[in-house]
Amino acid sequence: MRSPYDAVMDRFRVTGGARLAGEVRITGAKNSALKLMAAALLAEGVTVLEEVPKILDVQIMSELLRRLGCVVEGETTGTLSIDVPASPGHVTDYDLVRSMRASICVLGPLLARCGEVQVAFPGGDAIGSRGLDMHIDGLVKLGATVENEHGYLIAKAPKGLVGTPVWLDFPSVGATENILMAAVLAKGTTVIDNAAREPEIVDICTMLSGMGAKIEGAGTSTIEIHGVDGLSPVRHRTVPDRIVAGTFAVAAAVTHGDVTVRNARPEHLEIALDKLTVSGAAVTTVEDGFRVVMDRRPGAVDVVTLPYPGFATDMQPQFAVLNAVSDGHAMITENIFEARFVFLQELLRLGASIRTDGHHAIVRGVDRLSGAPVLATDVRAGAGLVLAGLVADGETLVSGVHHIDRGYDDLVNQLQVLGGSIEREPEPEPRF
Ligand code: UD1
């Protein structure tokens with residue numbers, strides 16, 4: 001597999017016009033696998049994770065765990081084994097954490113396991129301010145001290161964590177996960193109110209329960225955790241990636257295609273698939289997944305992003321593309337990440353008709369998009385630009401594909417199998 005740094009200088013050459021047809025199989029969710037890898041830190045011994053996507057973020061997280069003393073194998077096979085030592089390190093590598101926001105999820109488990117943790121302020125997608133206040137407040141309520149020194153967050157709980165009620169201002173996915181992973185080894189009961197309800201939260205709770213944790217209410221707004229003295233390693237299968245599945249669903253719709261998505265859970269994409277139906281697609285449940293068939297120009301559909309089970313912010317760029325080529329106009333409202341509309345600037349280069357006002361965007365469908373060089377600024381924006389390229393006249397050159405590699409296992413090959421015209425190539429040296 002290529003290193004995170006090799007792909008920085010690649011781009012995709014997408015030629016529009018092909019109708020996508022056939023079958024595609026999705027692997028496990030990036031947004032789950034990374035957290036499951038962090039959860040492995042909670043138990044000494046070998047944890048095995050199945051259906052782990054072969055993406056750059058998994059490579060980065062594997063490296064981060066190795067530098068904490070774990071032996072990690074299998075990133076290129078989809079089945080990852082993580083051998084966690086009796087005393088893992090508690091200082092995470094500054095540059096690795098800065099390259100991936102999700103690495104903040106080692107905060108909770110390392111604090112619970114080691115009584116102390118040092119994590120750099122994370123980096124990752126440039127899609128807004130992405131605070132950590134709820135992560136920190138939750139851990140402080142559990143009895144930790146948290147300080148910010150020289151770019152690091154340093155959390156300590158030398159006498160252990162103590163269960164307590166925690167109320168989140170917003171159902172943050174990351175904060176719910178960190179507090180959850182800290183609370184499983186705390187003394188007594190923790191109740192997280194206004195917890196996130198994403199399928200990835202249910203997935204990590206299932207894994208933690210398999211390790212011996214006592215958790216009630218996963219998938220609801222109130223999660224109750226009864227702390228235990230220790231956990232054991234486990235074998236766990238990662239929940240399928242609903243965002244990758246949804247991306248192929250929209251790809252089928254915009255190319256007037258017929259795509260069957262396997263190893264997908266339509267119930268995790270309820271609103272998005274319903275929107276596609278409203279847009280004119282025929283969406284049916286099939287064994288182990290769903291099928292999307294579209295035989296007309298898509299109708300426009302309004303989208304309002306919200307925490308799960310609301311419409312996923314990670315599907316917003318893909319639906320912006322659908323609306324950009326729709327027969328009508330629609331309003332997109334982004335409530336989760338303020339900077340996500342940066343992507344719309346790139347769609348304008350392709351001839352889309354879009355007006356933004358704060359966190360609202362009005363998208364008027366145009367007859368045709370026109371291929372042009374564009375830049376992926378985050379993983380889902382990148383996916384959106386690839387979809388736009390598939391329907392635009394001529395060639396669209398998508399730069400910044402390392403962002404796309406962070407979340408999509410094998411996008412180029414999978415689209416080629418479906419009949420899409422897309423190639424990966426080195427980015428030429430800048431001339432100025
Ligand atoms: C996760 C997903 C991301 C998805 C998002 C929302 C991973 C690796 N990433 O991100 O793909 O788009 O959920 O579904 O799983 N916030 C604060 N303070 C905090 C925590 C969050 O202000 O302490 C804010 C963020 O800035 C953001 C919002 O809350 O505006 C949502 O963040 P959160 O749900 O935590 O998303 P992530 O876990 O970062």
# chains A, B, ... in the order shown; residues from 1 in each chain; ligands from 1
call {"tool": "residues_around", "arguments": {"residues": "A:Met181", "least_positions_apart": "6", "cutoff": "10 Å", "atoms": "only C-alpha atoms", "output": "PyMOL selection string"}}
result
chain A and resi 35+38-39+41-42+105-113+175+204-205+208+213+225
call {"tool": "residues_near_ligand", "arguments": {"ligand": "ligand 1", "cutoff": "8 Å", "atoms": "only C-alpha atoms and all ligand atoms", "output": "PyMOL selection string"}}
result
chain A and resi 30-32+34-35+101-102+128-136+170-176+196+198+200+306-308+312-314+335-338
call {"tool": "closest_residue", "arguments": {"among": "A:Val162, A:Val325, A:Val342, A:Leu411", "to": "A:Val228", "atoms": "only C-alpha atoms"}}
result
A:Val162
call {"tool": "select_by_dssp", "arguments": {"residues": "stretch 132-316 of chain A", "states": "strand (DSSP E or B)", "output": "VMD selection string"}}
result
chain A and resid 145 to 149 152 to 156 162 165 to 167 187 189 to 193 214 to 216 222 to 226 235 to 237 240 258 to 262 282 to 286 289 to 293 303 to 305 311
call {"tool": "closest_residue", "arguments": {"among": "A:Leu347, A:Leu153, A:Ala330, A:Leu276", "to": "A:Phe121", "atoms": "only C-alpha atoms"}}
result
A:Leu153
